[in-house]
Number of protein chains: 2
Amino acid sequence: MAQVPQISDAEWEVMKALWEQGQLTAGQIIEAVAGANHWSPRTVKTLLNRLVKKGALAFEVTGRHYVYRAKVGRDACVRRETRSFLSRVFDGAVAPAVLHFIEQSRLTPQELAQLRELLDEAARKEDRS
Amino acid sequence: MAQVPQISDAEWEVMKALWEQGQLTAGQIIEAVAGANHWSPRTVKTLLNRLVKKGALAFEVTGRHYVYRAKVGRDACVRRETRSFLSRVFDGAVAPAVLHFIEQSRLTPQELAQLRELLDEAARKEDRS
DNA sequence: TACTATCGATCACACATGTAATCGATCGGA
DNA sequence: TCCGATCGATTACATGTGTGATCGATAGTA
């Protein structure tokens, strides 16, 4: 299995567009991300090239344009970033990180309820195993 | 209020040592972090210099040695990193991040119970407010 | 006192990243 | 058919980061 490459901040924006839309031409990607980030189209092209070089994206030549698609899954990238974040900031410990999140952020009652449900479910699984 | 500077992976290791120990000489810091990370003492010195330049550390000259101490609090750095992580990976949304953590990680029953207690507490606070 | 080990300061160097500009081919419109 | 717009490819350049070496001063040690 190919390792998930490191994806920088700016590159994440591009990946998100492709994860959400499936396949896009360079022009569509530029349209999707350049405005919101104040990037020149050239900048987006550079990001696309780097992501291809890293193995995070693939493209097919369709007529004169390239159509890009993600080669690595969003989940895998999220897991990778999460591991890196946890190990850097919380020494890899999940529970303190979750505590910090809950303490620091204002969660809505709905979100709190949803999280509790998830914890209940996790606890049940744990019980059975 | 001075902004919290960006602190890189390697620099975090140094900061952790100082947050935990209070004040340390360069030699003590090297002892604390160089071994575990396979770093040359020079590397640690460089990190110290960069952290001072960034405003994350201060030092006093004590005799011939420098004694370093953190100028920025751990909490502030953790918050900064957390915000950056959340906005990059989860578009700034806390709840999905917590869900991901809980789903992906194997939490012990004790940790699960502790988290549920925290959620209960947060929900009570929310209720009263 | 002469030498070496050490300290902080400065320099080095490759790779990643943010942020583009330039270049050669080509397509679409005048 | 010719020209400018556009595409992908290549190049640029400052800053950050990982990883360390060199240099001059100095403090112990022999």
# chains A, B, ... in the order shown; residues from 1 in each chain; ligands from 1
$ interface_residues --of "chain C" --to "chain A" --cutoff "10 Å" --atoms "only C-alpha atoms (C1' of nucleotides)" --output "number ranges by chain"
C: 16-21, 26-27
$ calpha_fit_and_write --fixed "chain A" --moving "chain B" --output "PDB file with C-alpha atoms, in the first residue's frame"
ATOM      1  CA  MET B   1       0.192  -0.034  -0.101  1.00  0.00           C
ATOM      2  CA  ALA B   2       1.474   3.360  -1.119  1.00  0.00           C
ATOM      3  CA  GLN B   3       2.021   5.606   1.841  1.00  0.00           C
ATOM      4  CA  VAL B   4      -0.164   8.640   2.045  1.00  0.00           C
ATOM      5  CA  PRO B   5       1.979  11.648   1.155  1.00  0.00           C
ATOM      6  CA  GLN B   6       2.198  14.777   3.236  1.00  0.00           C
ATOM      7  CA  ILE B   7      -0.317  17.323   2.111  1.00  0.00           C
ATOM      8  CA  SER B   8       0.191  20.948   2.967  1.00  0.00           C
ATOM      9  CA  ASP B   9      -2.428  23.456   4.038  1.00  0.00           C
ATOM     10  CA  ALA B  10      -2.933  24.921   0.605  1.00  0.00           C
ATOM     11  CA  GLU B  11      -2.936  21.510  -1.010  1.00  0.00           C
ATOM     12  CA  TRP B  12      -5.703  20.368   1.316  1.00  0.00           C
ATOM     13  CA  GLU B  13      -8.026  22.922  -0.220  1.00  0.00           C
ATOM     14  CA  VAL B  14      -7.458  21.408  -3.631  1.00  0.00           C
ATOM     15  CA  MET B  15      -7.890  17.870  -2.360  1.00  0.00           C
ATOM     16  CA  LYS B  16     -11.144  18.788  -0.656  1.00  0.00           C
ATOM     17  CA  ALA B  17     -12.575  20.052  -3.902  1.00  0.00           C
ATOM     18  CA  LEU B  18     -11.703  16.786  -5.632  1.00  0.00           C
ATOM     19  CA  TRP B  19     -12.907  14.577  -2.819  1.00  0.00           C
ATOM     20  CA  GLU B  20     -16.219  16.354  -2.888  1.00  0.00           C
ATOM     21  CA  GLN B  21     -16.681  16.603  -6.624  1.00  0.00           C
ATOM     22  CA  GLY B  22     -15.031  13.439  -7.870  1.00  0.00           C
ATOM     23  CA  GLN B  23     -13.351  14.569 -11.049  1.00  0.00           C
ATOM     24  CA  LEU B  24     -12.581  18.072 -12.168  1.00  0.00           C
ATOM     25  CA  THR B  25     -10.598  19.849 -14.834  1.00  0.00           C
ATOM     26  CA  ALA B  26      -7.921  22.301 -13.797  1.00  0.00           C
ATOM     27  CA  GLY B  27     -10.258  25.121 -14.689  1.00  0.00           C
ATOM     28  CA  GLN B  28     -13.000  23.785 -12.475  1.00  0.00           C
ATOM     29  CA  ILE B  29     -10.626  23.340  -9.599  1.00  0.00           C
ATOM     30  CA  ILE B  30      -9.393  26.894 -10.000  1.00  0.00           C
ATOM     31  CA  GLU B  31     -12.961  28.089  -9.999  1.00  0.00           C
ATOM     32  CA  ALA B  32     -13.651  26.072  -6.864  1.00  0.00           C
ATOM     33  CA  VAL B  33     -10.706  27.150  -4.743  1.00  0.00           C
ATOM     34  CA  ALA B  34      -8.979  30.236  -6.133  1.00  0.00           C
ATOM     35  CA  GLY B  35     -11.637  32.745  -5.191  1.00  0.00           C
ATOM     36  CA  ALA B  36     -12.123  31.689  -1.602  1.00  0.00           C
ATOM     37  CA  ASN B  37      -8.387  31.691  -0.988  1.00  0.00           C
ATOM     38  CA  HIS B  38      -7.328  34.754  -2.976  1.00  0.00           C
ATOM     39  CA  TRP B  39      -5.048  32.604  -5.110  1.00  0.00           C
ATOM     40  CA  SER B  40      -3.892  33.262  -8.590  1.00  0.00           C
ATOM     41  CA  PRO B  41      -4.809  30.515 -11.070  1.00  0.00           C
ATOM     42  CA  ARG B  42      -1.067  29.917 -11.412  1.00  0.00           C
ATOM     43  CA  THR B  43      -0.836  29.101  -7.783  1.00  0.00           C
ATOM     44  CA  VAL B  44      -3.521  26.478  -8.132  1.00  0.00           C
ATOM     45  CA  LYS B  45      -1.718  24.978 -11.110  1.00  0.00           C
ATOM     46  CA  THR B  46       1.420  24.686  -9.057  1.00  0.00           C
ATOM     47  CA  LEU B  47      -0.488  22.941  -6.304  1.00  0.00           C
ATOM     48  CA  LEU B  48      -1.948  20.518  -8.830  1.00  0.00           C
ATOM     49  CA  ASN B  49       1.485  19.709 -10.216  1.00  0.00           C
ATOM     50  CA  ARG B  50       2.892  19.130  -6.774  1.00  0.00           C
ATOM     51  CA  LEU B  51       0.028  16.894  -5.799  1.00  0.00           C
ATOM     52  CA  VAL B  52       0.487  14.811  -8.937  1.00  0.00           C
ATOM     53  CA  LYS B  53       4.207  14.554  -8.232  1.00  0.00           C
ATOM     54  CA  LYS B  54       3.443  13.438  -4.696  1.00  0.00           C
ATOM     55  CA  GLY B  55       1.091  10.776  -5.957  1.00  0.00           C
ATOM     56  CA  ALA B  56      -1.970  12.305  -4.336  1.00  0.00           C
ATOM     57  CA  LEU B  57      -3.672  13.060  -7.639  1.00  0.00           C
ATOM     58  CA  ALA B  58      -3.907  11.391 -11.010  1.00  0.00           C
ATOM     59  CA  PHE B  59      -5.133  12.873 -14.265  1.00  0.00           C
ATOM     60  CA  GLU B  60      -6.353  11.719 -17.643  1.00  0.00           C
ATOM     61  CA  VAL B  61      -5.902  13.703 -20.782  1.00  0.00           C
ATOM     62  CA  THR B  62      -9.338  14.368 -22.177  1.00  0.00           C
ATOM     63  CA  GLY B  63      -9.107  16.279 -25.393  1.00  0.00           C
ATOM     64  CA  ARG B  64      -6.881  19.213 -24.634  1.00  0.00           C
ATOM     65  CA  HIS B  65      -7.596  19.326 -20.921  1.00  0.00           C
ATOM     66  CA  TYR B  66      -6.536  17.302 -17.964  1.00  0.00           C
ATOM     67  CA  VAL B  67      -9.152  15.810 -15.726  1.00  0.00           C
ATOM     68  CA  TYR B  68      -7.879  15.338 -12.219  1.00  0.00           C
ATOM     69  CA  ARG B  69      -9.048  12.902  -9.588  1.00  0.00           C
ATOM     70  CA  ALA B  70      -7.823  12.004  -6.115  1.00  0.00           C
ATOM     71  CA  LYS B  71      -5.586   8.985  -5.923  1.00  0.00           C
ATOM     72  CA  VAL B  72      -5.540   8.895  -2.136  1.00  0.00           C
ATOM     73  CA  GLY B  73      -8.702   8.681  -0.070  1.00  0.00           C
ATOM     74  CA  ARG B  74      -9.843  11.425   2.191  1.00  0.00           C
ATOM     75  CA  ASP B  75     -10.092   9.085   5.137  1.00  0.00           C
ATOM     76  CA  ALA B  76      -6.505   7.992   4.779  1.00  0.00           C
ATOM     77  CA  CYS B  77      -5.363  11.612   4.676  1.00  0.00           C
ATOM     78  CA  VAL B  78      -7.486  12.539   7.639  1.00  0.00           C
ATOM     79  CA  ARG B  79      -6.052   9.648   9.613  1.00  0.00           C
ATOM     80  CA  ARG B  80      -2.544  10.637   8.682  1.00  0.00           C
ATOM     81  CA  GLU B  81      -3.048  14.247   9.716  1.00  0.00           C
ATOM     82  CA  THR B  82      -4.778  13.209  12.878  1.00  0.00           C
ATOM     83  CA  ARG B  83      -1.962  10.918  13.914  1.00  0.00           C
ATOM     84  CA  SER B  84       0.575  13.624  13.220  1.00  0.00           C
ATOM     85  CA  PHE B  85      -1.420  16.199  15.172  1.00  0.00           C
ATOM     86  CA  LEU B  86      -2.010  13.898  18.117  1.00  0.00           C
ATOM     87  CA  SER B  87       1.585  12.858  18.396  1.00  0.00           C
ATOM     88  CA  ARG B  88       2.894  16.407  18.105  1.00  0.00           C
ATOM     89  CA  VAL B  89       0.515  18.123  20.467  1.00  0.00           C
ATOM     90  CA  PHE B  90      -0.853  15.439  22.765  1.00  0.00           C
ATOM     91  CA  ASP B  91       1.947  12.867  22.689  1.00  0.00           C
ATOM     92  CA  GLY B  92      -0.366  10.581  20.767  1.00  0.00           C
ATOM     93  CA  ALA B  93      -3.005  10.344  23.452  1.00  0.00           C
ATOM     94  CA  VAL B  94      -6.537  10.588  22.137  1.00  0.00           C
ATOM     95  CA  ALA B  95      -8.475  11.115  25.336  1.00  0.00           C
ATOM     96  CA  PRO B  96      -6.758  14.344  26.400  1.00  0.00           C
ATOM     97  CA  ALA B  97      -7.252  15.674  22.911  1.00  0.00           C
ATOM     98  CA  VAL B  98     -10.957  14.988  23.033  1.00  0.00           C
ATOM     99  CA  LEU B  99     -11.159  16.564  26.458  1.00  0.00           C
ATOM    100  CA  HIS B 100      -9.454  19.641  25.139  1.00  0.00           C
ATOM    101  CA  PHE B 101     -11.834  19.859  22.205  1.00  0.00           C
ATOM    102  CA  ILE B 102     -14.869  19.547  24.370  1.00  0.00           C
ATOM    103  CA  GLU B 103     -13.648  22.033  26.921  1.00  0.00           C
ATOM    104  CA  GLN B 104     -12.493  24.607  24.427  1.00  0.00           C
ATOM    105  CA  SER B 105     -15.257  24.565  21.921  1.00  0.00           C
ATOM    106  CA  ARG B 106     -18.818  25.630  22.205  1.00  0.00           C
ATOM    107  CA  LEU B 107     -20.749  22.597  21.137  1.00  0.00           C
ATOM    108  CA  THR B 108     -24.447  22.854  20.557  1.00  0.00           C
ATOM    109  CA  PRO B 109     -26.773  20.681  22.656  1.00  0.00           C
ATOM    110  CA  GLN B 110     -27.448  18.635  19.549  1.00  0.00           C
ATOM    111  CA  GLU B 111     -23.784  17.976  19.037  1.00  0.00           C
ATOM    112  CA  LEU B 112     -23.321  17.090  22.671  1.00  0.00           C
ATOM    113  CA  ALA B 113     -26.185  14.636  22.478  1.00  0.00           C
ATOM    114  CA  GLN B 114     -24.784  13.105  19.324  1.00  0.00           C
ATOM    115  CA  LEU B 115     -21.398  12.683  20.895  1.00  0.00           C
ATOM    116  CA  ARG B 116     -22.864  11.067  23.963  1.00  0.00           C
ATOM    117  CA  GLU B 117     -24.709   8.630  21.800  1.00  0.00           C
ATOM    118  CA  LEU B 118     -21.491   7.758  20.055  1.00  0.00           C
ATOM    119  CA  LEU B 119     -19.738   7.245  23.332  1.00  0.00           C
ATOM    120  CA  ASP B 120     -22.528   4.976  24.497  1.00  0.00           C
ATOM    121  CA  GLU B 121     -22.201   2.961  21.363  1.00  0.00           C
ATOM    122  CA  ALA B 122     -18.454   2.722  21.717  1.00  0.00           C
ATOM    123  CA  ALA B 123     -18.862   1.630  25.320  1.00  0.00           C
ATOM    124  CA  ARG B 124     -21.324  -1.096  24.298  1.00  0.00           C
ATOM    125  CA  LYS B 125     -18.922  -2.370  21.671  1.00  0.00           C
ATOM    126  CA  GLU B 126     -16.175  -2.350  24.232  1.00  0.00           C
ATOM    127  CA  ASP B 127     -18.357  -4.296  26.617  1.00  0.00           C
ATOM    128  CA  ARG B 128     -19.096  -7.030  24.149  1.00  0.00           C
ATOM    129  CA  SER B 129     -15.553  -7.466  22.985  1.00  0.00           C
TER     130      SER B 129
END
$ closest_atom_pairs --of "chain D" --to "chain B" --cutoff "10 Å" --atoms "only C-alpha atoms (C1' of nucleotides)" --output "Markdown table"
| residue | atom | partner | partner_atom | distance |
| --- | --- | --- | --- | --- |
| D:DG16 | C1' | B:Ser8 | CA | 8.9 |
| D:DT17 | C1' | B:Ser8 | CA | 7.4 |
| D:DG18 | C1' | B:Ala10 | CA | 8.0 |
| D:DT19 | C1' | B:Thr43 | CA | 6.2 |
| D:DG20 | C1' | B:Thr43 | CA | 6.0 |
| D:DA21 | C1' | B:Arg42 | CA | 8.4 |
| D:DT26 | C1' | B:Arg64 | CA | 8.9 |
| D:DA27 | C1' | B:Arg64 | CA | 8.9 |
$ select_by_dssp --residues "chain B" --states "alpha helix (DSSP H)" --output "PyMOL selection string"
chain B and resi 9-21+26-37+41-54+74-90+94-104+109-128
$ atom_distance --atom1 "C1' of DG8 (chain D)" --atom2 "C1' of DT22 (chain C)"
12.7 Å
$ select_by_dssp --residues "region 9-99 of chain A" --states "strand (DSSP E or B)" --output "list in words"
Gln23, Leu24, Thr25, Leu57, Ala58, Phe59, Glu60, Val61, Thr62, His65, Tyr66, Val67, Tyr68, Arg69 and Ala70 of chain A
